[in-house]
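**Q** I'd like to ask you about the structure that follows.
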Amino acid sequence: MNTRIGTRKNKVIVSVVLSLMMVFAMMPGMAFAASTAPAADGAATAVENSITINPLTKTVYVGDEIAMSATVSTEVDPYHVEWSSSDKNVATISKKNAKLLGLNAGTTTITATLFSGADTEENPTLLATATMDVTVVETEEYGFQGTKGQTMKLTKPSDIMVLEIEKNEAGEITGYVNAIENSIAPENGVYKFEFTMSAGMNNFKPTVFEQSSLPYIKILNADGSAVVTGLTYGGYDATSKTITLNVPAGELNADTEYVLEFGAEVQGNSADKTLGVPVSFNFTTN
């Protein structure tokens, strides 16, 4: 008799507990973890090979270099990831270290591919792929270019398009190649170019500039193989912090392609801060 009553009480208690669990489970923010029995043979569940490109944390502007990354899930060891860009005119990305370089405004698809084996293996097995669309946008800052503590930006003409950012095998920038999109015409018998620099503009000294930098700023022929003429110093505007360079109209032919080149030695007021690499601008006279 006592046993029967105890059994009935136990059933009632279990029923109440289950009912309460169902009520709590329906409440927002509440959850109960269900226990699962291990596999009969004790074998662990295999991890599925997957790769996900991590979201970018900033806008990619023309001229920007950004390191991309991916999250990998695999039991394969070793493994490696290779990167590629669908439109290299918009942006390039280094195959192994995922450094993205924005070249021109537009959208490109970045692909990260997970392979088995080391990156030196000749015939690796493809394990998984991931893609992400990356949009490169123009900004007024895209014209600032340089590598050794000094950068410069051409402000007149200002319609600049990046053609190429040259690199060596180690991935180091060796030069910037740009184009002035519209043909330029002389003003009062003079072709004028204006530019600013990131360092040395608050204490600009014309004599220092003419001695240390002006000799390295030249007009070359279209293929860059010969110097056509040098430029003369035309003044400094302290408000806009821009330097004016002049070329007499008679020095250049009309309707002809040229290259304006700022040499790697160009500086502000400090020899320790130079462009480091040549910065060039292809242009056509009017």
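Residues in the structure tokens are named by chain (A, B, ... in the order shown) and by number from 1 within that chain; ligands are numbered from 1 in the order shown.
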Which of region 15-251 of chain A counts as helix (DSSP H, G or I) under DSSP, as a list of chain:residue names please?
**A**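 Of region 15-251 of chain A, the ones in helix (DSSP H, G or I) are A:Ser15, A:Val16, A:Val17, A:Leu18, A:Ser19, A:Leu20, A:Met21, A:Met22, A:Val23, A:Phe24, A:Ala25, A:Glu140, A:Glu141, A:Tyr142, A:Gly143, A:Pro206, A:Thr207, A:Val208, A:Phe209, A:Glu210, A:Gln211, A:Ser212, A:Leu214, A:Pro215, A:Tyr216, A:Ala249, A:Gly250, A:Glu251.
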**Q** So which residues touch Pro186 (chain A) within 9 Å, counting only C-alpha atoms, skipping near sequence neighbours fewer than 3 positions away, as a list in words?
**A** Gly189, Val190, Tyr191, Lys192, Val247, Pro248, Ala249, Thr285 and Asn286 of chain A
**Q** I need the residue nearest Asp223 (chain A) from this list: A:Thr113, A:Ser240, A:Asn182, A:Asn282. Use only C-alpha atoms for the distance.
**A**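 Ranking A:Thr113, A:Ser240, A:Asn182, A:Asn282 by distance to Asp223 (chain A), first place goes to A:Asn282.
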**Q** Taking the chain letters and numbering used in this document, name the residues of region 53-188 of chain A that DSSP puts in strand (DSSP E or B), as a PyMOL selection string.
**A** chain A and resi 53+60-61+65-67+70-73+79-85+91-93+99-102+106-116+126-137+145+148-149+152-156+160-167+173-180+184+187
**Q** Quick one: residues within 12 Å of Ile93 (chain A), only C-alpha atoms, excluding same-chain residues fewer than 2 positions away - as a PyMOL selection string?
**A** chain A and resi 64-69+82-91+95-103+108-112+134+171
**Q** Could you state the separation of CA of Gln211 (chain A) and CA of Leu275 (chain A) in Å, given to one decimal place?
**A** 15.9 Å
**Q** Between A:Met201, A:Leu114, A:Tyr233, A:Ile180, which residue has the minimum interatomic distance to Ala128 (chain A), considering only C-alpha atoms?
**A**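 The answer is A:Leu114, which sits nearest to Ala128 (chain A).
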**Q** In terms of the shortest atom-to-atom distance over only C-alpha atoms, which of A:Thr232, A:Thr174, A:Thr155, A:Thr196 is closest to Pro278 (chain A)?
**A**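 The shortest atom-to-atom distance to Pro278 (chain A) comes from A:Thr174.
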**Q** Between CA of Thr284 (chain A) and CA of Pro215 (chain A), what distance in Å does the model show, to one decimal?
**A**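 Between these atoms lies a distance of 22.3 Å.
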